[in-house]
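Shown here: upload_7.cif, mmCIF, C-alpha atoms.
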data_target
#
loop_
_atom_site.label_atom_id
_atom_site.label_comp_id
_atom_site.auth_asym_id
_atom_site.auth_seq_id
_atom_site.Cartn_x
_atom_site.Cartn_y
_atom_site.Cartn_z
CA MET A 1 88.54 64.59 76.45
CA GLY A 2 85.25 64.95 78.23
CA ASP A 3 81.80 63.51 78.47
CA ASN A 4 80.48 65.71 75.67
CA ILE A 5 83.10 64.39 73.29
CA THR A 6 81.78 60.89 73.85
CA ASP A 7 78.23 62.09 73.24
CA SER A 8 79.27 63.96 70.11
CA GLU A 9 80.87 60.85 68.71
CA LEU A 10 77.78 58.79 69.51
CA VAL A 11 75.53 61.39 67.89
CA ARG A 12 77.71 61.43 64.79
CA ARG A 13 77.43 57.67 64.57
CA VAL A 14 73.65 57.78 64.91
CA GLN A 15 73.51 60.34 62.13
CA ASP A 16 75.56 57.93 60.05
CA GLY A 17 72.93 55.27 60.63
CA ASP A 18 74.36 53.42 63.63
CA ARG A 19 71.37 52.41 65.76
CA THR A 20 73.58 50.87 68.43
CA ALA A 21 75.09 54.27 69.12
CA PHE A 22 71.62 55.58 69.89
CA ASP A 23 71.03 52.67 72.24
CA LEU A 24 74.14 53.73 74.15
CA LEU A 25 72.81 57.27 74.48
CA VAL A 26 69.51 55.89 75.74
CA LEU A 27 71.22 53.58 78.21
CA LYS A 28 73.30 56.47 79.44
CA TYR A 29 70.53 59.02 79.93
CA GLN A 30 67.37 56.99 80.51
CA HIS A 31 67.48 57.21 84.29
CA ARG A 32 68.01 60.95 84.25
CA ILE A 33 65.23 61.47 81.74
CA VAL A 34 62.80 59.34 83.74
CA LYS A 35 63.64 61.35 86.84
CA LEU A 36 63.20 64.61 84.95
CA VAL A 37 59.90 63.55 83.41
CA SER A 38 58.67 62.33 86.79
CA ARG A 39 58.77 65.89 88.07
CA TYR A 40 55.92 66.61 85.68
CA VAL A 41 54.22 63.24 85.29
CA ARG A 42 53.72 61.61 88.64
CA GLU A 43 52.27 58.30 87.52
CA PRO A 44 55.30 55.99 87.02
CA SER A 45 53.89 54.09 84.05
CA GLU A 46 53.02 57.35 82.31
CA ALA A 47 56.45 58.75 83.08
CA LEU A 48 58.00 55.72 81.40
CA ASP A 49 55.75 56.22 78.39
CA VAL A 50 56.75 59.87 78.15
CA THR A 51 60.38 58.86 78.47
CA GLN A 52 60.02 56.45 75.59
CA GLU A 53 58.30 59.10 73.55
CA THR A 54 61.11 61.50 74.36
CA PHE A 55 63.73 59.12 73.01
CA LEU A 56 61.67 58.35 69.96
CA LYS A 57 61.34 62.05 69.19
CA ALA A 58 65.04 62.48 69.75
CA TYR A 59 65.82 59.61 67.41
CA ARG A 60 63.60 61.07 64.75
CA ALA A 61 65.09 64.55 65.15
CA LEU A 62 68.73 63.54 65.48
CA PRO A 63 69.47 63.90 61.75
CA ARG A 64 68.75 67.61 62.20
CA PHE A 65 70.73 67.95 65.44
CA ARG A 66 73.64 70.25 64.64
CA GLY A 67 75.50 70.00 67.92
CA ASP A 68 75.05 73.64 68.86
CA SER A 69 74.28 72.49 72.37
CA ALA A 70 75.28 69.39 74.29
CA PHE A 71 73.23 66.32 73.53
CA TYR A 72 71.87 66.19 77.06
CA THR A 73 70.79 69.83 76.91
CA TRP A 74 68.99 69.07 73.71
CA ILE A 75 67.18 65.94 74.90
CA TYR A 76 66.46 67.59 78.23
CA ARG A 77 64.38 70.16 76.37
CA ILE A 78 62.66 67.50 74.34
CA ALA A 79 61.78 65.65 77.55
CA ILE A 80 60.32 68.70 79.22
CA ASN A 81 58.29 69.65 76.16
CA THR A 82 57.07 66.09 75.77
CA ALA A 83 56.06 65.93 79.42
CA LYS A 84 54.22 69.23 79.24
CA ASN A 85 52.46 68.21 76.05
CA HIS A 86 51.52 64.95 77.68
CA LEU A 87 49.86 66.77 80.55
CA VAL A 88 48.02 69.14 78.24
CA SER A 89 46.76 66.62 75.75
CA LEU A 90 46.54 63.48 77.84
CA THR A 91 42.88 62.89 77.18
CA ARG A 92 42.54 64.07 73.61
CA ARG A 93 45.68 63.17 71.68
CA PRO A 94 46.33 59.57 70.60
CA ARG A 95 49.79 58.44 71.47
CA GLU A 96 52.38 58.18 68.74
CA VAL A 97 53.20 54.56 68.08
CA ASP A 98 55.36 54.32 65.03
CA ILE A 99 57.96 56.55 63.48
CA GLU A 100 60.25 56.09 60.56
CA ASN A 101 64.00 55.97 60.52
CA ALA A 102 66.21 57.73 58.00
CA ASP A 103 65.58 54.96 55.47
CA GLY A 104 61.84 55.30 55.74
CA GLU A 105 61.46 52.07 57.66
CA PRO A 106 59.04 52.09 60.57
CA ILE A 107 60.59 52.06 64.00
CA GLY A 108 58.11 50.97 66.60
CA LEU A 109 58.34 51.27 70.35
CA ASP A 110 59.10 47.60 70.68
CA GLU A 111 62.02 47.70 68.30
CA LEU A 112 63.59 50.71 69.88
CA GLN A 113 63.05 49.31 73.34
CA ARG A 114 64.25 45.83 72.54
CA SER A 115 67.87 46.29 73.45
CA LEU A 116 67.12 48.34 76.53
CA ASP A 117 66.53 47.32 80.07
CA THR A 118 63.02 46.50 81.11
CA PRO A 119 61.03 49.56 82.20
CA GLU A 120 61.23 48.67 85.88
CA HIS A 121 64.95 49.19 85.72
CA LEU A 122 64.47 52.75 84.57
CA LEU A 123 62.98 53.65 87.88
CA LEU A 124 65.48 54.42 90.55
CA THR A 125 63.64 52.48 93.21
CA ASP A 126 64.33 52.74 96.91
CA GLU A 127 65.75 49.22 96.81
CA ILE A 128 68.20 50.08 94.05
CA ARG A 129 69.18 53.32 95.72
CA GLU A 130 69.69 51.70 99.12
CA THR A 131 71.69 48.87 97.58
CA ILE A 132 74.03 51.37 95.95
CA LEU A 133 74.39 53.45 99.09
CA GLU A 134 75.02 50.41 101.26
CA ALA A 135 77.70 49.27 98.82
CA MET A 136 79.20 52.76 99.04
CA ARG A 137 79.36 52.56 102.81
CA ARG A 138 81.26 49.30 102.60
CA LEU A 139 83.92 50.64 100.25
CA PRO A 140 87.44 51.33 101.49
CA ASP A 141 87.91 55.02 102.17
CA ASP A 142 90.13 55.71 99.18
CA LEU A 143 87.70 54.11 96.72
CA ARG A 144 84.70 55.84 98.27
CA GLU A 145 86.36 59.21 98.17
CA ALA A 146 87.49 58.77 94.56
CA ILE A 147 84.06 57.87 93.20
CA THR A 148 82.38 60.55 95.31
CA LEU A 149 84.68 63.22 93.94
CA ARG A 150 83.88 62.01 90.46
CA GLU A 151 80.15 61.30 90.58
CA VAL A 152 78.91 63.69 93.24
CA ASP A 153 81.39 66.54 92.98
CA GLY A 154 81.93 66.18 89.23
CA LEU A 155 85.70 66.50 89.29
CA SER A 156 87.84 65.31 86.39
CA TYR A 157 90.41 62.59 86.92
CA ASP A 158 93.13 65.22 86.83
CA GLU A 159 91.44 67.27 89.54
CA ILE A 160 90.82 64.18 91.67
CA ALA A 161 94.49 63.27 91.34
CA GLN A 162 95.37 66.68 92.73
CA VAL A 163 92.89 66.42 95.59
CA MET A 164 93.94 62.89 96.52
CA ASP A 165 97.59 63.51 95.78
CA CYS A 166 98.04 60.44 93.61
CA PRO A 167 98.67 59.65 89.93
CA ILE A 168 95.80 59.79 87.44
CA GLY A 169 96.20 56.08 86.81
CA THR A 170 95.49 55.43 90.46
CA VAL A 171 92.39 57.59 90.28
CA ARG A 172 91.16 55.66 87.27
CA SER A 173 91.78 52.37 89.04
CA ARG A 174 90.11 53.45 92.28
CA ILE A 175 87.00 54.68 90.50
CA PHE A 176 86.79 51.49 88.50
CA ARG A 177 87.20 49.29 91.60
CA ALA A 178 84.57 51.33 93.41
CA ARG A 179 82.15 50.88 90.53
CA GLU A 180 82.88 47.19 90.34
CA ALA A 181 82.25 46.72 94.04
CA ILE A 182 78.95 48.59 93.84
CA ASP A 183 77.99 46.85 90.63
CA GLU A 184 78.58 43.47 92.21
CA ARG A 185 75.70 44.20 94.57
CA LEU A 186 73.59 46.02 92.04
CA ARG A 187 73.81 43.53 89.20
CA PRO A 188 71.77 40.72 90.82
CA LEU A 189 69.07 43.21 91.71
CA ILE A 190 68.85 44.48 88.13
CA GLU A 191 69.16 41.12 86.42
CA ASN A 192 66.70 39.35 88.67
CA MET B 1 87.41 46.35 76.05
CA ASN B 2 88.15 45.67 79.67
CA GLN B 3 85.97 46.89 82.49
CA GLU B 4 88.42 49.56 83.59
CA GLU B 5 88.36 51.05 80.10
CA LEU B 6 84.58 50.99 80.23
CA SER B 7 84.64 52.82 83.55
CA ALA B 8 86.92 55.49 82.09
CA LEU B 9 84.67 55.75 79.04
CA VAL B 10 81.67 56.36 81.30
CA ASP B 11 83.60 59.30 82.72
CA GLY B 12 84.70 60.55 79.31
CA GLU B 13 88.26 60.02 80.45
CA VAL B 14 89.76 58.09 77.56
CA VAL B 15 92.19 59.52 75.05
CA ASP B 16 90.63 60.72 71.82
CA HIS B 17 92.22 58.16 69.56
CA ASP B 18 90.90 55.31 71.71
CA LEU B 19 87.30 56.54 71.57
CA PRO B 20 86.23 54.96 68.24
CA ARG B 21 87.71 51.59 69.19
CA LEU B 22 86.05 51.61 72.60
CA LEU B 23 82.66 52.65 71.23
CA ASP B 24 82.90 49.94 68.58
CA ALA B 25 83.66 47.37 71.25
CA LEU B 26 80.87 48.63 73.46
CA GLY B 27 78.40 48.41 70.62
CA GLU B 28 79.28 44.79 69.97
CA ASP B 29 79.23 43.59 73.55
CA ARG B 30 75.79 43.26 75.13
CA GLY B 31 77.26 42.62 78.56
CA ALA B 32 79.36 45.77 78.31
CA ARG B 33 76.29 47.77 77.28
CA ARG B 34 74.46 46.56 80.35
CA ALA B 35 77.43 47.51 82.51
CA TRP B 36 77.50 50.90 80.77
CA SER B 37 73.88 51.39 81.83
CA ARG B 38 74.50 50.22 85.40
CA TYR B 39 77.57 52.42 85.80
CA HIS B 40 75.51 55.43 84.77
CA LEU B 41 72.74 54.32 87.11
CA ILE B 42 75.23 54.23 89.98
CA GLY B 43 76.29 57.79 89.20
CA ASP B 44 72.70 58.96 88.95
CA ALA B 45 71.86 57.35 92.28
CA LEU B 46 74.82 58.93 94.04
CA ARG B 47 74.03 62.36 92.63
CA ASP B 48 70.37 61.92 93.48
CA ASP B 49 71.19 61.04 97.05
CA GLY B 50 73.50 63.99 97.26
CA GLY B 51 70.68 66.23 96.16
CA VAL B 52 72.46 67.35 93.01
CA LEU B 53 70.19 67.31 90.00
CA ALA B 54 71.99 67.00 86.73
CA ALA B 55 70.79 69.73 84.43
CA PRO B 56 72.20 71.74 81.57
CA ALA B 57 73.35 75.29 82.10
CA ALA B 58 71.07 76.70 79.42
CA GLU B 59 67.84 75.51 80.99
CA VAL B 60 66.17 77.60 83.66
CA ILE B 61 63.53 75.84 85.71
CA THR B 62 61.83 77.62 88.58
CA MET B 63 61.22 75.22 91.40
CA PRO B 64 59.50 75.42 94.76
CA GLN B 65 61.58 76.92 97.54
CA ARG B 66 61.68 73.63 99.45
CA ARG B 67 63.81 72.11 96.72
CA ARG B 68 66.43 74.77 96.97
CA ALA B 69 68.35 73.47 99.93
CA PRO B 70 69.33 70.07 98.57
CA LEU B 71 69.92 71.42 95.08
CA ALA B 72 71.94 74.52 95.71
CA GLY B 73 73.21 73.51 99.11
CA LEU B 74 75.25 70.59 98.00
CA ALA B 75 76.46 72.30 94.87
CA VAL B 76 77.70 75.23 96.90
CA ALA B 77 79.20 73.05 99.57
CA ALA B 78 80.89 70.98 96.89
CA SER B 79 82.29 74.21 95.48
CA VAL B 80 83.52 75.09 98.92
CA ALA B 81 85.17 71.71 99.24
CA VAL B 82 86.98 72.17 95.95
CA LEU B 83 87.86 75.77 96.64
CA ALA B 84 89.05 74.87 100.08
CA VAL B 85 91.58 72.47 98.72
CA VAL B 86 92.81 75.10 96.31
CA LEU B 87 92.80 77.90 98.80
CA ILE B 88 94.63 76.00 101.46
CA THR B 89 97.33 75.44 98.90
CA ALA B 90 97.16 79.00 97.58
CA GLY B 91 97.21 80.38 101.11
CA GLY B 92 100.48 78.72 101.73
CA ARG B 93 101.89 80.45 98.68
CA GLY B 94 100.60 83.88 99.61
CA GLY B 95 97.25 83.65 97.83
CA GLN B 96 94.11 85.60 98.65
CA ALA B 97 92.28 85.16 101.90
CA PRO B 98 90.13 82.02 101.77
CA GLY B 99 87.08 83.76 103.11
CA LEU B 100 86.87 86.18 100.23
CA GLU B 101 87.02 83.41 97.68
CA VAL B 102 84.26 81.48 99.42
CA ALA B 103 82.07 84.56 99.54
CA ASP B 104 82.34 84.88 95.78
CA THR B 105 81.27 81.31 95.35
CA LEU B 106 78.12 82.00 97.29
CA ALA B 107 77.14 85.15 95.42
CA PRO B 108 73.66 84.77 93.89
CA ALA B 109 73.47 84.47 90.11
CA SER B 110 71.05 87.37 89.89
CA PRO B 111 68.70 89.39 92.13
CA GLY B 112 65.79 87.45 90.68
CA ASP B 113 67.00 84.27 92.28
CA ALA B 114 66.04 85.45 95.72
CA GLY B 115 62.50 84.08 95.61
CA GLY B 116 63.11 80.63 94.21
CA ALA B 117 65.86 78.31 93.19
CA SER B 118 66.71 77.76 89.55
CA VAL B 119 68.80 75.23 87.80
CA ALA B 120 70.78 78.06 86.25
CA ALA B 121 71.46 79.49 89.68
CA ALA B 122 72.56 76.12 90.92
CA GLU B 123 74.76 75.77 87.87
CA SER B 124 76.43 79.04 88.66
CA LEU B 125 77.18 77.66 92.10
CA ALA B 126 78.37 74.30 90.88
CA PRO B 127 81.97 73.17 91.34
CA ARG B 128 84.35 75.05 89.13
CA PRO B 129 87.50 73.78 87.58
CA VAL B 130 90.41 74.28 89.91
CA GLY B 131 92.15 76.52 87.44
CA SER B 132 89.30 79.02 87.29
CA VAL B 133 89.43 80.04 90.93
CA ALA B 134 92.28 82.46 90.45
CA ASP B 135 90.29 84.36 87.80
CA THR B 136 87.67 85.56 90.27
CA PRO B 137 87.58 89.38 90.16
CA ALA B 138 88.16 90.83 93.60
CA ALA B 139 85.65 93.64 92.99
CA ALA B 140 82.81 91.13 92.80
CA LEU B 141 83.49 89.76 96.26
CA GLU B 142 81.33 90.58 99.23
CA PRO B 143 82.28 90.62 102.90
CA VAL B 144 82.53 87.18 104.40
CA GLY B 145 80.35 87.99 107.38
CA VAL B 146 77.29 88.37 105.19
CA TYR B 147 77.52 84.75 104.25
CA ASP B 148 78.68 83.13 107.45
CA GLN B 149 75.24 81.94 108.44
CA ARG B 150 74.34 80.68 104.97
CA LEU B 151 77.69 79.03 104.55
CA ASN B 152 77.36 77.18 107.81
CA GLY B 153 73.95 75.97 106.75
CA TYR B 154 75.31 74.73 103.48
CA LEU B 155 78.16 72.98 105.21
CA VAL B 156 75.89 71.25 107.68
CA ASN B 157 73.67 70.09 104.83
CA PHE B 158 76.65 68.96 102.83
CA ASN B 159 78.18 67.05 105.71
CA GLU B 160 74.89 65.35 106.43
CA GLN B 161 74.72 64.17 102.86
CA ARG B 162 78.31 63.00 103.02
CA GLN B 163 77.66 61.09 106.20
CA ARG B 164 74.80 59.26 104.51
CA LEU B 165 77.30 58.12 101.94
CA GLY B 166 79.81 57.38 104.66
CA VAL B 167 82.40 59.61 103.03
CA PRO B 168 85.15 60.93 105.26
CA GLY B 169 88.05 63.13 104.25
CA VAL B 170 88.11 66.43 102.35
CA HIS B 171 85.78 67.93 104.93
CA PRO B 172 88.50 69.04 107.31
CA TYR B 173 89.29 71.59 104.62
CA VAL B 174 85.68 72.70 104.59
CA ARG B 175 85.64 73.26 108.31
CA ILE B 176 88.74 75.39 108.14
CA VAL B 177 87.26 77.65 105.52
CA GLY B 178 83.71 77.64 106.81
CA PHE B 179 84.23 78.28 110.47
CA GLU B 180 87.52 80.03 110.79
CA ALA B 181 87.06 82.75 108.20
CA PRO B 182 87.28 86.22 109.80
#

This entry written out as structure tokens:
Amino acid sequence: MGDNITDSELVRRVQDGDRTAFDLLVLKYQHRIVKLVSRYVREPSEALDVTQETFLKAYRALPRFRGDSAFYTWIYRIAINTAKNHLVSLTRRPREVDIENADGEPIGLDELQRSLDTPEHLLLTDEIRETILEAMRRLPDDLREAITLREVDGLSYDEIAQVMDCPIGTVRSRIFRAREAIDERLRPLIEN
Amino acid sequence: MNQEELSALVDGEVVDHDLPRLLDALGEDRGARRAWSRYHLIGDALRDDGGVLAAPAAEVITMPQRRRAPLAGLAVAASVAVLAVVLITAGGRGGQAPGLEVADTLAPASPGDAGGASVAAAESLAPRPVGSVADTPAAALEPVGVYDQRLNGYLVNFNEQRQRLGVPGVHPYVRIVGFEAP
């Protein structure tokens, strides 16, 4: 299976009324959407607002999402349109505050944001980036190579197993141990 | 759910019948959800540092020329790295000349791409599945010499990015393909 299968399952769950599944999609894509939006909206606080608005629009539109494209492709377009609209109408359009869910209940920014990280964590700050890169440098070679092939080069576990000439189970373990080692340094930074 | 399962889930590398159980567990475990977010953040940071911008194939965004090098450069070099591994193997079994395969990887997506980078162009240069390399039509290939200079530039850029991450290995293959092609 692939990444899109996971997204498809999460989308299906959201369409069935599972809010937690939407939280997982937000947690997965929030950093990428902030980065994307920041290409258009330079002010960080505004970029975070536009990002929130993007996810709110996505949540509202998800019942009509038919899966003709990947979820990320779909929300990517929403983000760009939202950012462009923000630039055009910044001074004359009041910001949307509340929307309704499928049951007609209002979903406010606070509620949707409640289970997410604080906004500061959405920004890939220099400190976060440097912490991750320093942790990468400290990894044993085999772990560093495995996670690089996965995250930077985008190879599947099967392809990495071929490149590194090892079983897929070893690839899975190496990538996990690499993430854990990096996360050990990242977690205090995020949680504090 | 254990953390290794979570890591595999982040990569979409769990078997289909495990997916509902793992997503259920993830939804019920706040700590796991935070780890899910951090694991994705790690990936985003590594891709960001490598200059690879995650973007869907369908979207075409024209960007300033100065952004082209980190975007397309690493994607192409990553393709070269993957192709190199395949071609070294294929070469030993009587496969096509490595240089020709690399030249195909560097072919522009369209004439219109000459003036500015696009996400679609970068996507066309992104790493391909190993199995697809053999399907490259020979007629579409261009002489290697045309691309030598560009390829070397891409490789230098790629290696610089790799060094920032402190990643050794794999690159010996790149050197063989990049600098020894006829």

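The shortest atom-to-atom distance to Asp16 of chain A, with all atoms listed in the file taken into account, belongs to A:Leu62 out of A:Ser173, A:Leu56, A:Leu62, A:Asp49.
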
remark   = Expressed in Å, the length from atom CA of Gln3 of chain B to atom CA of Phe71 of chain A is 24.9 Å

key: Residues near Ala83 of chain A, cut-off 10 Å, only C-alpha atoms, skip fewer than 6 positions along chain, as a ChimeraX atom specification   = /A:36-41,46-47,49-51,53-54,77,90

request  = State, in Å with one decimal place, the distance from atom CA of Thr20 of chain A to atom CA of Leu186 of chain A.
outcome  = 24.1 Å

message = I need the chain A residues near chain B as a PyMOL selection string; criterion: at most 6 Å, counting all atoms listed in the file.
response = chain A and resi 2-3+20+27-28+73+129+137+151-153+176

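Separating atom CA of Tyr59 of chain A from atom CA of Leu22 of chain B is a distance of 22.4 Å.
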
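Nearest to Thr148 of chain A of all the residues A:Val26, A:Asn4, A:Thr125, A:Ile175 is A:Ile175, counting only C-alpha atoms.
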